[in-house]
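What follows is the content of coords-v9.txt, which has compact mmCIF, C-alpha atoms:
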# COMPACT_ATOMS: atom_id res chain seq x y z
CA MET I 28 26.49 24.78 -11.00
CA ALA I 29 25.07 28.31 -10.88
CA PHE I 30 21.40 28.39 -9.99
CA ASP I 31 18.89 29.83 -12.40
CA SER I 32 15.10 29.96 -12.42
CA ARG I 33 14.91 27.65 -15.43
CA LEU I 34 16.31 24.82 -13.31
CA LEU I 35 13.49 25.13 -10.78
CA SER I 36 10.96 25.37 -13.61
CA GLY I 37 12.40 22.24 -15.19
CA LEU I 38 12.13 20.37 -11.89
CA GLY I 39 8.46 21.31 -11.68
CA VAL I 40 7.88 19.95 -15.19
CA MET I 41 9.78 16.76 -14.31
CA ALA I 42 7.59 16.26 -11.24
CA ALA I 43 4.46 16.69 -13.36
CA VAL I 44 5.67 14.06 -15.85
CA VAL I 45 6.50 11.62 -13.03
CA ASP I 46 3.08 12.18 -11.50
CA ALA I 47 1.17 11.85 -14.80
CA ARG I 48 3.49 9.20 -16.32
CA SER I 49 2.83 10.91 -19.63
CA PHE I 50 4.10 14.02 -21.41
CA VAL I 51 0.60 14.63 -22.78
CA HIS I 52 -1.12 14.47 -19.39
CA ALA I 53 1.65 16.51 -17.76
CA ALA I 54 1.14 19.18 -20.41
CA ASP I 55 -2.60 19.24 -19.65
CA ALA I 56 -1.93 19.57 -15.92
CA LEU I 57 0.57 22.41 -16.42
CA GLY I 58 -1.35 24.26 -19.12
CA LEU I 59 1.50 23.76 -21.61
CA THR I 60 1.83 22.10 -24.98
CA GLN I 61 3.34 18.63 -25.22
CA SER I 62 6.29 20.07 -27.15
CA GLY I 63 6.76 22.65 -24.40
CA VAL I 64 7.00 19.89 -21.78
CA SER I 65 9.43 17.93 -23.98
CA ARG I 66 11.66 20.99 -24.43
CA ALA I 67 11.65 21.71 -20.68
CA VAL I 68 12.67 18.13 -19.89
CA ALA I 69 15.35 18.18 -22.58
CA ARG I 70 16.78 21.44 -21.15
CA LEU I 71 16.84 19.92 -17.68
CA GLU I 72 18.59 16.80 -18.99
CA ARG I 73 21.23 18.94 -20.70
CA ARG I 74 21.61 21.04 -17.56
CA ILE I 75 22.36 18.11 -15.25
CA GLY I 76 23.98 15.86 -17.86
CA VAL I 77 21.84 12.72 -17.52
CA ARG I 78 18.86 11.24 -19.33
CA LEU I 79 15.87 11.36 -16.98
CA PHE I 80 13.16 9.43 -18.81
CA ASP I 81 12.79 6.37 -21.00
CA ARG I 82 10.14 7.20 -23.59
CA THR I 83 8.14 4.54 -25.46
CA PRO I 84 4.84 4.80 -27.35
CA ARG I 85 3.08 3.22 -24.35
CA ALA I 86 4.77 4.69 -21.29
CA VAL I 87 7.18 7.23 -19.86
CA THR I 88 9.32 5.93 -16.98
CA LEU I 89 12.27 7.25 -15.03
CA THR I 90 15.71 5.95 -15.89
CA ASP I 91 17.82 4.67 -13.00
CA GLU I 92 19.69 7.99 -12.96
CA GLY I 93 16.41 9.88 -13.20
CA ARG I 94 14.90 7.94 -10.31
CA ARG I 95 17.92 8.62 -8.08
CA PHE I 96 17.86 12.30 -9.03
CA TYR I 97 14.12 12.60 -8.41
CA GLU I 98 14.39 10.89 -5.03
CA ARG I 99 16.73 13.72 -4.00
CA VAL I 100 14.78 16.64 -5.45
CA ALA I 101 11.19 15.52 -4.70
CA PRO I 102 11.50 16.30 -0.97
CA LEU I 103 12.91 19.73 -1.82
CA LEU I 104 9.99 20.48 -4.14
CA ALA I 105 7.57 19.32 -1.47
CA ASN I 106 9.23 21.58 1.10
CA ILE I 107 8.95 24.55 -1.28
CA GLU I 108 5.23 23.78 -1.70
CA ASP I 109 4.82 23.49 2.08
CA ALA I 110 6.69 26.75 2.61
CA ALA I 111 4.39 28.51 0.14
CA THR I 112 1.35 27.02 1.86
CA LEU I 113 2.59 28.13 5.26
CA ALA I 114 3.32 31.62 3.94
CA THR I 115 -0.27 32.01 2.79
CA GLY I 116 -1.59 30.94 6.19
CA ALA I 117 -3.13 27.74 4.87
CA SER I 118 -0.84 25.14 6.41
CA THR I 119 -3.75 22.79 7.03
CA ALA I 120 -5.23 23.09 3.54
CA VAL I 121 -5.82 19.70 1.92
CA HIS I 122 -6.20 20.03 -1.83
CA GLY I 123 -5.04 18.68 -5.18
CA ARG I 124 -4.72 15.00 -6.12
CA LEU I 125 -3.58 12.32 -3.70
CA ARG I 126 -2.24 9.13 -5.30
CA VAL I 127 -2.28 6.14 -2.96
CA ASN I 128 -0.72 2.70 -3.46
CA ILE I 129 -2.78 0.48 -1.19
CA ASP I 130 -3.07 -3.15 -0.18
CA PRO I 131 -6.27 -4.56 -1.77
CA TYR I 132 -7.39 -6.32 1.42
CA PHE I 133 -7.17 -3.16 3.51
CA SER I 134 -8.73 -1.08 0.73
CA LYS I 135 -11.86 -3.21 0.37
CA LEU I 136 -12.55 -4.37 3.92
CA VAL I 137 -11.45 -1.37 5.99
CA LEU I 138 -11.03 1.78 3.90
CA ALA I 139 -13.65 1.63 1.13
CA PRO I 140 -16.75 1.62 3.39
CA ARG I 141 -15.55 4.87 5.04
CA LEU I 142 -14.07 6.73 2.05
CA GLY I 143 -17.12 8.97 1.73
CA GLU I 144 -16.31 10.49 5.12
CA PHE I 145 -12.77 11.36 4.07
CA LEU I 146 -13.84 12.92 0.77
CA ALA I 147 -16.62 14.89 2.46
CA GLU I 148 -14.12 16.23 4.98
CA HIS I 149 -11.77 17.43 2.22
CA PRO I 150 -13.86 18.72 -0.71
CA ALA I 151 -10.83 20.25 -2.50
CA LEU I 152 -9.05 16.88 -2.68
CA SER I 153 -9.31 14.21 -5.36
CA LEU I 154 -8.26 10.68 -4.42
CA ASP I 155 -6.60 8.22 -6.81
CA LEU I 156 -6.42 4.72 -5.26
CA THR I 157 -4.40 1.93 -6.88
CA THR I 158 -4.57 -1.52 -5.29
CA ARG I 159 -1.41 -3.59 -5.56
CA ASP I 160 -0.03 -6.63 -3.77
CA ARG I 161 3.50 -5.14 -3.70
CA LEU I 162 4.95 -1.73 -2.88
CA GLY I 163 6.97 -1.29 -6.08
CA ASP I 164 8.85 1.97 -6.68
CA LEU I 165 6.80 4.62 -4.92
CA VAL I 166 8.73 7.56 -6.37
CA ALA I 167 9.05 6.34 -9.97
CA ASP I 168 5.37 5.38 -10.05
CA GLY I 169 4.32 8.81 -8.81
CA PHE I 170 2.57 7.82 -5.58
CA ASP I 171 2.27 10.17 -2.61
CA VAL I 172 1.71 7.49 0.03
CA ALA I 173 1.36 3.72 0.33
CA LEU I 174 -0.24 1.33 2.83
CA ARG I 175 1.26 -2.16 2.96
CA PHE I 176 1.20 -5.16 5.27
CA GLY I 177 4.49 -6.80 6.28
CA GLU I 178 7.87 -5.74 7.55
CA PRO I 179 9.41 -2.95 5.42
CA GLU I 180 12.44 -3.53 3.24
CA PRO I 181 15.41 -1.12 3.46
CA SER I 182 14.73 2.04 1.43
CA THR I 183 14.89 5.83 1.52
CA LEU I 184 11.15 6.03 2.22
CA ILE I 185 9.71 7.31 5.48
CA VAL I 186 7.94 4.40 7.19
CA ARG I 187 5.33 4.62 9.95
CA LEU I 188 3.84 1.67 11.81
CA LEU I 189 0.05 1.98 11.93
CA LEU I 190 -1.14 -1.30 13.43
CA LYS I 191 -0.27 -4.89 14.26
CA THR I 192 -3.20 -7.21 13.57
CA ARG I 193 -3.50 -10.74 14.90
CA ILE I 194 -3.23 -13.77 12.63
CA LEU I 195 -6.24 -16.02 13.21
CA THR I 196 -7.06 -19.56 12.11
CA TYR I 197 -10.66 -20.11 11.05
CA ALA I 198 -13.11 -22.26 9.13
CA SER I 199 -16.81 -22.38 8.29
CA PRO I 200 -19.33 -24.10 10.59
CA SER I 201 -20.02 -26.64 7.82
CA TYR I 202 -16.33 -27.55 7.66
CA VAL I 203 -16.17 -28.00 11.44
CA THR I 204 -19.25 -30.21 11.32
CA ARG I 205 -17.61 -32.49 8.75
CA HIS I 206 -14.03 -32.54 10.08
CA GLY I 207 -14.23 -31.51 13.71
CA ARG I 208 -12.20 -28.90 15.58
CA PRO I 209 -8.44 -29.28 15.85
CA ARG I 210 -7.36 -29.47 19.49
CA LYS I 211 -3.74 -28.50 18.93
CA PRO I 212 -1.79 -26.90 16.03
CA ALA I 213 -0.25 -30.21 14.97
CA ASP I 214 -3.73 -31.58 14.20
CA LEU I 215 -3.86 -29.32 11.11
CA GLY I 216 -0.82 -31.13 9.69
CA THR I 217 -2.66 -34.46 9.53
CA ASN I 218 -4.86 -35.96 6.82
CA ALA I 219 -7.90 -35.11 8.91
CA HIS I 220 -7.80 -31.49 7.79
CA THR I 221 -7.52 -29.57 4.51
CA CYS I 222 -5.98 -26.10 4.50
CA ILE I 223 -6.27 -23.20 2.07
CA LEU I 224 -2.76 -21.91 1.35
CA PHE I 225 -1.92 -18.29 0.60
CA ARG I 226 0.98 -17.48 -1.74
CA ASP I 227 3.56 -14.92 -0.64
CA SER I 228 3.95 -12.38 -3.48
CA VAL I 229 7.63 -11.88 -2.58
CA THR I 230 8.81 -15.52 -2.45
CA GLY I 231 6.17 -17.06 -4.71
CA ARG I 232 5.64 -19.83 -2.14
CA PRO I 233 2.77 -20.33 0.30
CA PHE I 234 3.18 -18.65 3.68
CA PRO I 235 4.21 -21.09 6.41
CA TRP I 236 1.64 -21.64 9.16
CA GLU I 237 2.79 -20.58 12.59
CA PHE I 238 0.99 -20.66 15.92
CA HIS I 239 2.12 -18.33 18.72
CA ARG I 240 1.35 -18.64 22.41
CA ARG I 241 3.32 -16.50 24.84
CA LYS I 242 6.95 -17.19 23.83
CA VAL I 243 6.24 -20.51 22.13
CA ILE I 244 6.09 -20.64 18.32
CA VAL I 245 4.95 -23.81 16.59
CA THR I 246 5.34 -24.21 12.81
CA VAL I 247 3.00 -26.75 11.24
CA PRO I 248 3.59 -28.20 7.73
CA VAL I 249 0.00 -27.96 6.51
CA SER I 250 -1.20 -29.12 3.12
CA GLY I 251 -4.11 -28.47 0.82
CA ARG I 252 -5.17 -28.63 -2.80
CA LEU I 253 -6.07 -24.94 -3.06
CA VAL I 254 -3.39 -22.20 -3.24
CA VAL I 255 -4.52 -18.59 -3.74
CA ASN I 256 -2.92 -15.15 -3.92
CA ASP I 257 -6.14 -13.20 -3.36
CA PRO I 258 -7.48 -12.80 0.20
CA PHE I 259 -11.08 -12.43 -0.96
CA THR I 260 -10.95 -15.75 -2.82
CA MET I 261 -9.50 -17.31 0.32
CA LEU I 262 -12.29 -15.90 2.49
CA ALA I 263 -15.03 -16.96 0.06
CA ALA I 264 -13.62 -20.48 -0.26
CA CYS I 265 -13.30 -20.74 3.50
CA GLU I 266 -16.91 -19.61 4.02
CA ALA I 267 -17.95 -22.25 1.49
CA GLY I 268 -16.34 -24.98 3.60
CA VAL I 269 -13.38 -25.75 1.30
CA GLY I 270 -10.86 -25.78 4.14
CA VAL I 271 -9.18 -24.09 7.08
CA ALA I 272 -7.57 -20.69 6.47
CA GLN I 273 -5.21 -18.33 8.25
CA GLY I 274 -5.53 -14.58 7.85
CA PHE I 275 -5.77 -11.16 9.45
CA GLU I 276 -8.19 -10.45 12.27
CA LEU I 277 -8.53 -6.94 10.85
CA GLY I 278 -11.60 -6.52 8.67
CA ILE I 279 -13.39 -9.84 9.31
CA GLY I 280 -15.05 -9.27 12.67
CA GLU I 281 -18.50 -9.27 11.06
CA LEU I 282 -17.91 -12.75 9.60
CA PHE I 283 -17.35 -14.08 13.12
CA ARG I 284 -20.27 -12.13 14.60
CA SER I 285 -22.64 -13.43 11.90
CA GLY I 286 -21.45 -17.03 12.32
CA ALA I 287 -20.14 -17.30 8.75
CA LEU I 288 -16.74 -18.24 10.20
CA VAL I 289 -15.60 -19.72 13.49
CA GLN I 290 -12.18 -19.25 15.04
CA LEU I 291 -10.04 -22.33 15.60
CA LEU I 292 -7.29 -22.74 18.19
CA PRO I 293 -7.94 -19.38 19.90
CA GLY I 294 -5.27 -20.14 22.48
CA TRP I 295 -2.65 -20.09 19.71
CA ALA I 296 -3.48 -16.71 18.15
CA GLU I 297 -0.80 -14.32 19.41
CA GLU I 298 1.08 -13.85 16.12
CA ARG I 299 0.78 -10.28 14.82
CA PHE I 300 1.35 -8.83 11.35
CA PRO I 301 2.17 -5.12 10.84
CA LEU I 302 0.56 -2.48 8.62
CA TYR I 303 2.84 0.40 7.57
CA ALA I 304 2.40 3.73 5.81
CA TYR I 305 5.13 4.81 3.39
CA HIS I 306 5.83 8.18 1.83
CA PRO I 307 8.84 9.70 0.07
CA SER I 308 11.53 11.06 2.35
CA ARG I 309 10.92 14.68 3.26
CA HIS I 310 11.03 16.83 6.37
CA LEU I 311 7.34 17.75 6.25
CA PRO I 312 4.96 15.54 4.23
CA PRO I 313 2.20 17.42 2.35
CA ALA I 314 -0.98 18.20 4.25
CA LYS I 315 -2.93 15.80 2.03
CA VAL I 316 -0.65 12.90 3.04
CA ARG I 317 -0.88 13.80 6.72
CA ALA I 318 -4.67 14.04 6.47
CA PHE I 319 -4.97 10.63 4.81
CA VAL I 320 -2.71 8.85 7.30
CA ASP I 321 -4.54 10.48 10.21
CA PHE I 322 -7.86 9.30 8.75
CA VAL I 323 -6.56 5.73 8.43
CA LEU I 324 -5.36 5.84 12.04
CA SER I 325 -8.82 7.00 13.14
CA LEU I 326 -10.35 3.97 11.38
CA LEU I 327 -7.91 1.60 13.04
CA ARG I 328 -8.55 3.07 16.47
CA ALA I 329 -12.29 2.67 15.93
As C-alpha cells, how would this structure be written, given the file I've shared?
Amino acid sequence: MAFDSRLLSGLGVMAAVVDARSFVHAADALGLTQSGVSRAVARLERRIGVRLFDRTPRAVTLTDEGRRFYERVAPLLANIEDAATLATGASTAVHGRLRVNIDPYFSKLVLAPRLGEFLAEHPALSLDLTTRDRLGDLVADGFDVALRFGEPEPSTLIVRLLLKTRILTYASPSYVTRHGRPRKPADLGTNAHTCILFRDSVTGRPFPWEFHRRKVIVTVPVSGRLVVNDPFTMLAACEAGVGVAQGFELGIGELFRSGALVQLLPGWAEERFPLYAYHPSRHLPPAKVRAFVDFVLSLLRA
C-alpha cells in the first residue's frame, strides 16, 4: 500500500470519532462538518478494505476489525503527537482532555479529595472521569488510562503496579458489643456472627473470605443475609452494625481513627490486593497520562 497524506488524515479523524464516540462530537472537535467526518471515515474504510464502525442512532462503536486496527495505529498516532511535542520543546506539556476509567472506590475515597491539586497543577488539562466496576475495552471506549483493583487479565495494554493494599476484617463497635470479637478466623463461620458479602463483578458470586498469616492461608465459609456490589453500601451497613465486612485498608484509615469501625483478627491481615494502572500499548505514553499516574503514585506514597 503506497502511503499518502489522506491516510494519515483519515487516521486522525478515526481517532477523534473513537474518542468522542460520535460523528457529531468528533466533527465539533476537529472543526469539520459531520458529513466531512463521515466522508473521511468512508475513504479510510475503502482504503484499508474493512468496515471500522458500527453506526446506530444511539451510538458509534468500533467493529471487531476496527478495534484490532485501532489498537495497532493508536500507539503510532500517539508517538507522532509526542514527536511533535518534543520538536517544539514542550515535552512536559500537559494539555488537552484526559479520559480516565477508574474504580469507584479509589475515585471517591482516595482521588476525589485531592483532584483540585492535580487540576491546579495542570491548568491546560481537562479531566473526564468515568467510574466503572470493570475495565471493559479501554481502546474501543476511548479511554487514555484506567485504574483498577485486581490481577490484570492478558491483553495488549501496558500495565503498571501502583500499590498492594491489605485486606482487613472489621465491624462497628455496636456490632462487637452485641456479638463479641472473633478469636480466630473460623469463628466467623459460625452462627454467632453475620457477615456482609461482596459480589465479584467478574464471577457474579461473593468473594471468598481468606485470612493470611505468614505462609498460612485459611478460607472460611462465611454467611450473611446481605450481599452487595457497592463498597460504599458495604461500609455504611458495616458502620450501622449490620455485620462484619472485609475490604481494603486503603481509604478507610479515618474510620478506624474516629472509632466508627474496629479491626477484627489483626493477626490474620496479611492478604494484599493490587491496584494497577492501564494504558494503551505505546513506546511513550502522552505527557497527560504520565502526569496523572505520577500524581496517583504521590497520593499513594502519602
I want to know what sits within 8 Å of Arg299 (chain I), based on all atoms listed in the file, with residues of the same chain fewer than 4 positions away left out; could you give that as a CSV table (one decimal) with C-alpha atoms, in the coordinates of the input?
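So result33.csv came out as:
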chain,number,residue,atom,x,y,z
I,191,LYS,CA,-0.3,-4.9,14.3
I,192,THR,CA,-3.2,-7.2,13.6
I,193,ARG,CA,-3.5,-10.7,14.9
I,194,ILE,CA,-3.2,-13.8,12.6
Near Val245 (chain I), within 12 Å and counting all atoms listed in the file, which residues show up once chain neighbours fewer than 3 positions away are dropped, as a PyMOL selection string?
chain I and resi 211-216+235-242+248-249+295-298
Suppose you want the space between CA of Gly163 (chain I) and CA of Val316 (chain I); what is it in Å?
18.5 Å
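Contact shell of Val44 (chain I) at 6 Å (only C-alpha atoms; same-chain neighbours under 5 positions omitted): Ser49, Phe50 and Ala53 of chain I.
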Close residues, Leu38 (chain I) itself excluded, 10 Å, all atoms listed in the file, min 6 positions apart in chain, as number ranges by chain
I: 44, 67-68, 71, 97, 100-101, 104
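With CA of Arg48 (chain I) on one side and CA of Val64 (chain I) on the other, the separation reads 12.5 Å.
Going from CA of Leu146 (chain I) to CA of Ala47 (chain I) covers 21.7 Å.
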Using all atoms listed in the file and a cutoff of 12 Å, can you tell me which residues are near (12.8, 16.6, -23.5) in the file's coordinates, and write them out as a ChimeraX atom specification?
/I:37,40-41,44,50,61-74,77-82,87
Please identify all polymer residues within 9 Å of region 258-263 of chain I, counting all atoms listed in the file, omitting same-chain residues fewer than 5 positions from it, and present them as a PyMOL selection string.
chain I and resi 131-132+223-225+268+272+274
Residue with smallest distance to Cys222 (chain I) - pool I:Phe170, I:Cys265, I:Ile244, I:Ser201, counting only C-alpha atoms
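Smallest distance to Cys222 (chain I) is found for I:Cys265.
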Among listed residues I:Val166, I:Glu148, I:Pro233, I:Ile129, nearest Asp91 (chain I) (using all atoms listed in the file)
I:Val166
Contacts of region 230-325 of chain I with region 151-160 of chain I up to 10 Å, shortest pair per row, all atoms listed in the file, as CSV:
residue,atom,partner,partner_atom,distance
I:Asn256,CA,I:Asp160,CA,9.0
I:Asp257,CA,I:Asp160,CA,9.0
I:Lys315,CA,I:Leu152,CA,7.8
I:Phe319,CA,I:Leu154,CA,9.8
Of the listed residues I:Val186, I:Leu326, I:Val51, I:Ile107, that which approaches His306 (chain I) most closely, counting all atoms listed in the file:
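Among the listed residues, I:Val186 lies closest to His306 (chain I).
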